[in-house]
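For reference, the structure discussed in these notes is given below.
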Amino acid sequence: MAGSKLVAPVLKWAGGKRQVLRHIKMYVPRSFAVYHEPFLGGGALLFELQPPEAAVNDINKELINVYQVIKDSVEELIADLKKHKNEEAYYYRVREQDRDREQYERLTAIQRASRVIYLNKTCYNGLFRVNKAGEFNTPFGGYARPNIVNEAVLRAVSDYFNRARITFTSLDFEEALKGVKCGDFVYLDPPYDPVSDTASFTGYDRGGFDREEQKRLKRTCDRLHKRGAKFILSNSATEFIKDLYKSYKTVVIKAKRPVNSRADKRGEIDELLVMNY
């Protein structure tokens, strides 16, 4: 399948991989059967590789809804996106929609996807963040000309989704990976182990991802290895993660972190790539 350069992330996402794609691509297997990604987020590697068959997942149901709508109803989505206004009062009215669950559930899948894209493009620093109640809580960005409706990219992504054999799920990562077989390739980009006590960011979904979850993920990687699947995992290069994956090949890379609520926390950090081949 020939790749299109217009197939690119639709959303800016905390922990997005566009900054380090060149490093990751160096280690991606030359051939594999099915591509799996259980922590999809912005999907930078998926869109870079454009595999002909993929099973992708994210625990954030609203994110998966965005991708499903792009696949099934891209023209209706584009039309709805054009209705939005780059105005502060309007932004907060749209943001508050998820405070009334009964009202929110009356929104169509297209309206919900349009809302997520609009908020992502106009919120402060493109930081998708929800509180413990699952409510979007990032403030208005106040940008002069946010690119709310990128029609060319939306149509290109929709075309790729419809050309490929691709399935979308919103499950726990362990459940999402049960169908992985020998010869498949898995890219894992979980919420990172915090580099300090104040650095944790798991606000993309109301669930948390602590060190017990990191250990459960390591056990899942061990099962993938036994099945004969190849995997690459990205995480922060903390001593905890280095020790957890010491039985596998690891490479430290430099990554820029442009998505952070504090400007002084957006510099280069060490990241760890873990692979079983």
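FYI, nothing fancy with the structure tokens labels: chains A, B, ... in order, residues from 1 per chain, ligands from 1 as they appear.
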
Tell me, counting only C-alpha atoms, for each residue of range 68-165 of chain A within 9 Å of range 205-228 of chain A, which pair of atoms is nearest and how far apart they are in Å to one decimal, in rows ordered by chain and increasing number, as JSON lines.
```
{"residue": "A:Phe128", "atom": "CA", "partner": "A:Asp205", "partner_atom": "CA", "distance": 8.9}
{"residue": "A:Arg129", "atom": "CA", "partner": "A:Asp205", "partner_atom": "CA", "distance": 7.2}
{"residue": "A:Val130", "atom": "CA", "partner": "A:Asp205", "partner_atom": "CA", "distance": 6.1}
{"residue": "A:Asn131", "atom": "CA", "partner": "A:Arg206", "partner_atom": "CA", "distance": 6.2}
{"residue": "A:Lys132", "atom": "CA", "partner": "A:Arg206", "partner_atom": "CA", "distance": 5.0}
{"residue": "A:Ala133", "atom": "CA", "partner": "A:Arg206", "partner_atom": "CA", "distance": 6.7}
{"residue": "A:Gly134", "atom": "CA", "partner": "A:Arg206", "partner_atom": "CA", "distance": 5.1}
{"residue": "A:Glu135", "atom": "CA", "partner": "A:Arg206", "partner_atom": "CA", "distance": 8.3}
```

> Please, which residues of range 51-143 of chain A, numbered as in this document, come out alpha helix (DSSP H) from DSSP, as a PyMOL selection string?
Replying inline: chain A and resi 61-72+74-81+88-95+101-104+109-122

Preceding selection exported with N, CA and C atoms as a CSV table (one decimal), in the first residue's frame:
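Final output, saved to part.csv:
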```csv
chain,number,residue,atom,x,y,z
A,61,LYS,N,-12.6,6.5,25.0
A,61,LYS,CA,-13.6,6.2,24.0
A,61,LYS,C,-13.9,7.4,23.1
A,62,GLU,N,-13.8,8.6,23.6
A,62,GLU,CA,-14.0,9.7,22.7
A,62,GLU,C,-13.0,9.8,21.6
A,63,LEU,N,-11.8,9.5,21.9
A,63,LEU,CA,-10.7,9.5,20.9
A,63,LEU,C,-11.0,8.4,19.8
A,64,ILE,N,-11.4,7.2,20.2
A,64,ILE,CA,-11.7,6.2,19.3
A,64,ILE,C,-12.9,6.6,18.4
A,65,ASN,N,-13.9,7.2,19.1
A,65,ASN,CA,-15.1,7.7,18.3
A,65,ASN,C,-14.6,8.7,17.2
A,66,VAL,N,-13.7,9.6,17.5
A,66,VAL,CA,-13.1,10.5,16.4
A,66,VAL,C,-12.7,9.7,15.2
A,67,TYR,N,-11.9,8.7,15.5
A,67,TYR,CA,-11.3,7.9,14.4
A,67,TYR,C,-12.4,7.1,13.6
A,68,GLN,N,-13.3,6.6,14.3
A,68,GLN,CA,-14.4,5.8,13.7
A,68,GLN,C,-15.3,6.7,12.8
A,69,VAL,N,-15.5,7.9,13.3
A,69,VAL,CA,-16.3,8.9,12.5
A,69,VAL,C,-15.5,9.4,11.3
A,70,ILE,N,-14.2,9.6,11.4
A,70,ILE,CA,-13.4,9.9,10.3
A,70,ILE,C,-13.5,8.8,9.2
A,71,LYS,N,-13.5,7.6,9.6
A,71,LYS,CA,-13.6,6.5,8.7
A,71,LYS,C,-15.0,6.4,8.0
A,72,ASP,N,-16.0,6.6,8.8
A,72,ASP,CA,-17.4,6.3,8.3
A,72,ASP,C,-18.1,7.5,7.8
A,74,VAL,N,-16.7,11.1,7.1
A,74,VAL,CA,-15.8,12.3,7.1
A,74,VAL,C,-16.4,13.6,6.6
A,75,GLU,N,-17.2,13.5,5.5
A,75,GLU,CA,-17.8,14.7,5.0
A,75,GLU,C,-18.8,15.3,6.0
A,76,GLU,N,-19.6,14.5,6.7
A,76,GLU,CA,-20.5,15.1,7.7
A,76,GLU,C,-19.7,15.7,8.8
A,77,LEU,N,-18.5,15.1,9.2
A,77,LEU,CA,-17.7,15.6,10.2
A,77,LEU,C,-17.1,17.0,9.8
A,78,ILE,N,-16.6,17.1,8.6
A,78,ILE,CA,-16.1,18.4,8.1
A,78,ILE,C,-17.2,19.4,8.1
A,79,ALA,N,-18.4,19.1,7.7
A,79,ALA,CA,-19.5,20.1,7.7
A,79,ALA,C,-19.8,20.6,9.1
A,80,ASP,N,-19.7,19.6,10.1
A,80,ASP,CA,-20.0,20.0,11.5
A,80,ASP,C,-18.9,20.9,12.1
A,81,LEU,N,-17.6,20.6,11.7
A,81,LEU,CA,-16.5,21.3,12.2
A,81,LEU,C,-16.6,22.8,11.7
A,88,GLU,N,-14.1,32.7,22.9
A,88,GLU,CA,-13.9,32.2,24.2
A,88,GLU,C,-15.2,31.7,24.8
A,89,ALA,N,-16.3,32.6,24.7
A,89,ALA,CA,-17.6,32.2,25.3
A,89,ALA,C,-18.1,31.0,24.7
A,90,TYR,N,-18.0,30.9,23.4
A,90,TYR,CA,-18.5,29.7,22.6
A,90,TYR,C,-17.7,28.5,23.0
A,91,TYR,N,-16.4,28.6,23.1
A,91,TYR,CA,-15.5,27.5,23.5
A,91,TYR,C,-16.0,26.9,24.8
A,92,TYR,N,-16.2,27.8,25.8
A,92,TYR,CA,-16.6,27.2,27.1
A,92,TYR,C,-18.0,26.6,27.1
A,93,ARG,N,-18.9,27.1,26.3
A,93,ARG,CA,-20.2,26.4,26.1
A,93,ARG,C,-20.0,25.0,25.6
A,94,VAL,N,-19.1,24.9,24.6
A,94,VAL,CA,-18.9,23.6,24.0
A,94,VAL,C,-18.2,22.7,25.0
A,95,ARG,N,-17.2,23.2,25.7
A,95,ARG,CA,-16.4,22.5,26.7
A,95,ARG,C,-17.4,21.9,27.8
A,101,ARG,N,-24.5,14.8,31.6
A,101,ARG,CA,-24.3,13.6,30.9
A,101,ARG,C,-25.6,13.3,30.0
A,102,GLU,N,-26.7,13.6,30.5
A,102,GLU,CA,-28.0,13.3,29.8
A,102,GLU,C,-28.0,14.1,28.4
A,103,GLN,N,-27.6,15.4,28.5
A,103,GLN,CA,-27.5,16.2,27.3
A,103,GLN,C,-26.4,15.7,26.4
A,104,TYR,N,-25.3,15.4,27.0
A,104,TYR,CA,-24.1,14.9,26.2
A,104,TYR,C,-24.4,13.7,25.4
A,109,ALA,N,-22.6,10.7,17.2
A,109,ALA,CA,-21.2,10.4,17.2
A,109,ALA,C,-20.4,11.4,16.4
A,110,ILE,N,-21.0,12.0,15.4
A,110,ILE,CA,-20.4,13.0,14.5
A,110,ILE,C,-20.2,14.3,15.4
A,111,GLN,N,-21.2,14.7,16.1
A,111,GLN,CA,-21.1,15.9,16.9
A,111,GLN,C,-20.1,15.7,18.0
A,112,ARG,N,-20.0,14.6,18.6
A,112,ARG,CA,-19.0,14.3,19.7
A,112,ARG,C,-17.6,14.4,19.1
A,113,ALA,N,-17.4,13.8,17.9
A,113,ALA,CA,-16.1,13.8,17.3
A,113,ALA,C,-15.7,15.2,16.9
A,114,SER,N,-16.6,16.0,16.4
A,114,SER,CA,-16.4,17.4,16.0
A,114,SER,C,-16.0,18.2,17.3
A,115,ARG,N,-16.7,17.9,18.4
A,115,ARG,CA,-16.4,18.7,19.6
A,115,ARG,C,-15.0,18.4,20.1
A,116,VAL,N,-14.5,17.1,20.0
A,116,VAL,CA,-13.2,16.8,20.5
A,116,VAL,C,-12.1,17.5,19.6
A,117,ILE,N,-12.3,17.4,18.3
A,117,ILE,CA,-11.4,18.1,17.4
A,117,ILE,C,-11.3,19.6,17.6
A,118,TYR,N,-12.5,20.2,17.7
A,118,TYR,CA,-12.6,21.6,17.9
A,118,TYR,C,-11.9,22.0,19.2
A,119,LEU,N,-12.2,21.3,20.3
A,119,LEU,CA,-11.6,21.7,21.6
A,119,LEU,C,-10.0,21.5,21.5
A,120,ASN,N,-9.6,20.4,20.9
A,120,ASN,CA,-8.2,20.1,20.7
A,120,ASN,C,-7.5,21.2,20.0
A,121,LYS,N,-8.1,21.8,18.9
A,121,LYS,CA,-7.5,22.8,18.1
A,121,LYS,C,-7.5,24.2,18.8
A,122,THR,N,-8.4,24.4,19.7
A,122,THR,CA,-8.6,25.8,20.2
A,122,THR,C,-8.2,25.9,21.7
```

> Excluding same-chain residues fewer than 5 positions from Arg163 in chain A, what lies within 12 Å of it counting only C-alpha atoms, as a list of chain:residue names?
Replying inline: A:Met1, A:Ala2, A:Gly3, A:Ser4, A:Gln50, A:Pro51, A:Pro52, A:Glu53, A:Ala54, A:Lys71, A:Ala156, A:Val157, A:Ser158

Identify, with DSSP run on backbone atoms, the residues in range 67-186 of chain A assigned to strand (DSSP E), and express the list as a PDB file with C-alpha atoms, in the first residue's frame.
```
ATOM      1  CA  ARG A 165      -8.239  -3.511   7.020  1.00  0.00           C
ATOM      2  CA  ILE A 166      -8.365  -1.669  10.307  1.00  0.00           C
ATOM      3  CA  THR A 167     -10.329  -2.219  13.495  1.00  0.00           C
ATOM      4  CA  PHE A 168     -10.845   0.268  16.325  1.00  0.00           C
ATOM      5  CA  THR A 169     -11.500  -0.735  19.921  1.00  0.00           C
ATOM      6  CA  PHE A 185       4.124  -6.290  15.269  1.00  0.00           C
ATOM      7  CA  VAL A 186       3.003  -4.340  18.344  1.00  0.00           C
TER       8      VAL A 186
END
```

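Checking A:Ala8, A:Val149, A:Leu188, A:Val180 one by one against Phe231 in chain A, counting only C-alpha atoms, you find the shortest gap at A:Leu188.
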
With range 26-48 of chain A as the partner and 9 Å as the cut-off, tabulate the residues of range 139-197 of chain A that qualify, each row holding the nearest pair of atoms and their distance in Å to one decimal, using only C-alpha atoms, sorted by chain and rising number, as CSV.
```
residue,atom,partner,partner_atom,distance
A:Val157,CA,A:Phe47,CA,8.0
A:Tyr160,CA,A:Phe47,CA,8.7
A:Thr169,CA,A:Pro38,CA,8.7
A:Ser170,CA,A:Pro38,CA,8.8
A:Leu171,CA,A:Pro38,CA,8.3
A:Asp172,CA,A:Pro38,CA,8.2
A:Phe173,CA,A:Pro38,CA,5.3
A:Glu174,CA,A:Pro38,CA,8.3
A:Ala176,CA,A:Pro38,CA,6.2
A:Leu177,CA,A:Pro38,CA,7.0
A:Val180,CA,A:His36,CA,7.6
A:Lys181,CA,A:Val34,CA,8.3
A:Cys182,CA,A:Ala33,CA,8.5
A:Gly183,CA,A:Phe32,CA,5.6
A:Asp184,CA,A:Ala33,CA,4.8
A:Phe185,CA,A:Tyr35,CA,5.1
A:Val186,CA,A:His36,CA,4.6
A:Tyr187,CA,A:Glu37,CA,5.2
A:Leu188,CA,A:Glu37,CA,6.0
A:Asp189,CA,A:Phe39,CA,5.6
A:Pro190,CA,A:Phe39,CA,5.8
A:Pro191,CA,A:Phe39,CA,8.3
```

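Of the listed residues (A:Ile232, A:Leu11, A:Leu154, A:Ala237), A:Ala237 comes nearest to Ser196 in chain A; the distances count only C-alpha atoms.
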
> Leaving out range 245-256 of chain A and any residue of its chain fewer than 2 positions from it, which residues lie within 10 Å of it when counting only C-alpha atoms, given as a ChimeraX atom specification?
Replying inline: /A:15-21,23-24,215,218,221-222,232-237,240-243,258-259,265-277

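Note that CA of Asn150 in chain A and CA of Asn60 in chain A are 22.4 Å apart.
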
>> as a PyMOL selection string, please: the residues near Tyr143 in chain A (cut-off 10 Å, only C-alpha atoms, same-chain neighbours under 4 positions excluded).
In response: chain A and resi 86-87+121-125+147

With N, CA and C atoms retained, could you export that selection as a PDB file, in the first residue's frame?
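Resulting contents of selection03.pdb:
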```pdb
ATOM      1  N   ASN A  86     -14.139  30.359  16.853  1.00  0.00           N
ATOM      2  CA  ASN A  86     -12.953  30.561  17.679  1.00  0.00           C
ATOM      3  C   ASN A  86     -13.193  31.746  18.620  1.00  0.00           C
ATOM      4  N   GLU A  87     -14.129  31.542  19.531  1.00  0.00           N
ATOM      5  CA  GLU A  87     -14.510  32.581  20.494  1.00  0.00           C
ATOM      6  C   GLU A  87     -14.532  31.984  21.886  1.00  0.00           C
ATOM      7  N   LYS A 121      -8.107  21.763  18.950  1.00  0.00           N
ATOM      8  CA  LYS A 121      -7.473  22.790  18.117  1.00  0.00           C
ATOM      9  C   LYS A 121      -7.502  24.178  18.756  1.00  0.00           C
ATOM     10  N   THR A 122      -8.408  24.407  19.685  1.00  0.00           N
ATOM     11  CA  THR A 122      -8.567  25.756  20.238  1.00  0.00           C
ATOM     12  C   THR A 122      -8.237  25.860  21.726  1.00  0.00           C
ATOM     13  N   CYS A 123      -7.988  24.727  22.391  1.00  0.00           N
ATOM     14  CA  CYS A 123      -7.665  24.782  23.817  1.00  0.00           C
ATOM     15  C   CYS A 123      -6.200  25.175  24.023  1.00  0.00           C
ATOM     16  N   TYR A 124      -5.860  25.504  25.242  1.00  0.00           N
ATOM     17  CA  TYR A 124      -4.505  25.960  25.568  1.00  0.00           C
ATOM     18  C   TYR A 124      -3.483  24.868  25.298  1.00  0.00           C
ATOM     19  N   ASN A 125      -2.536  25.146  24.406  1.00  0.00           N
ATOM     20  CA  ASN A 125      -1.406  24.269  24.094  1.00  0.00           C
ATOM     21  C   ASN A 125      -1.822  22.904  23.543  1.00  0.00           C
ATOM     22  N   ASN A 147      -6.271  25.962  13.197  1.00  0.00           N
ATOM     23  CA  ASN A 147      -6.676  25.176  12.024  1.00  0.00           C
ATOM     24  C   ASN A 147      -7.719  24.139  12.443  1.00  0.00           C
TER      25      ASN A 147
END
```
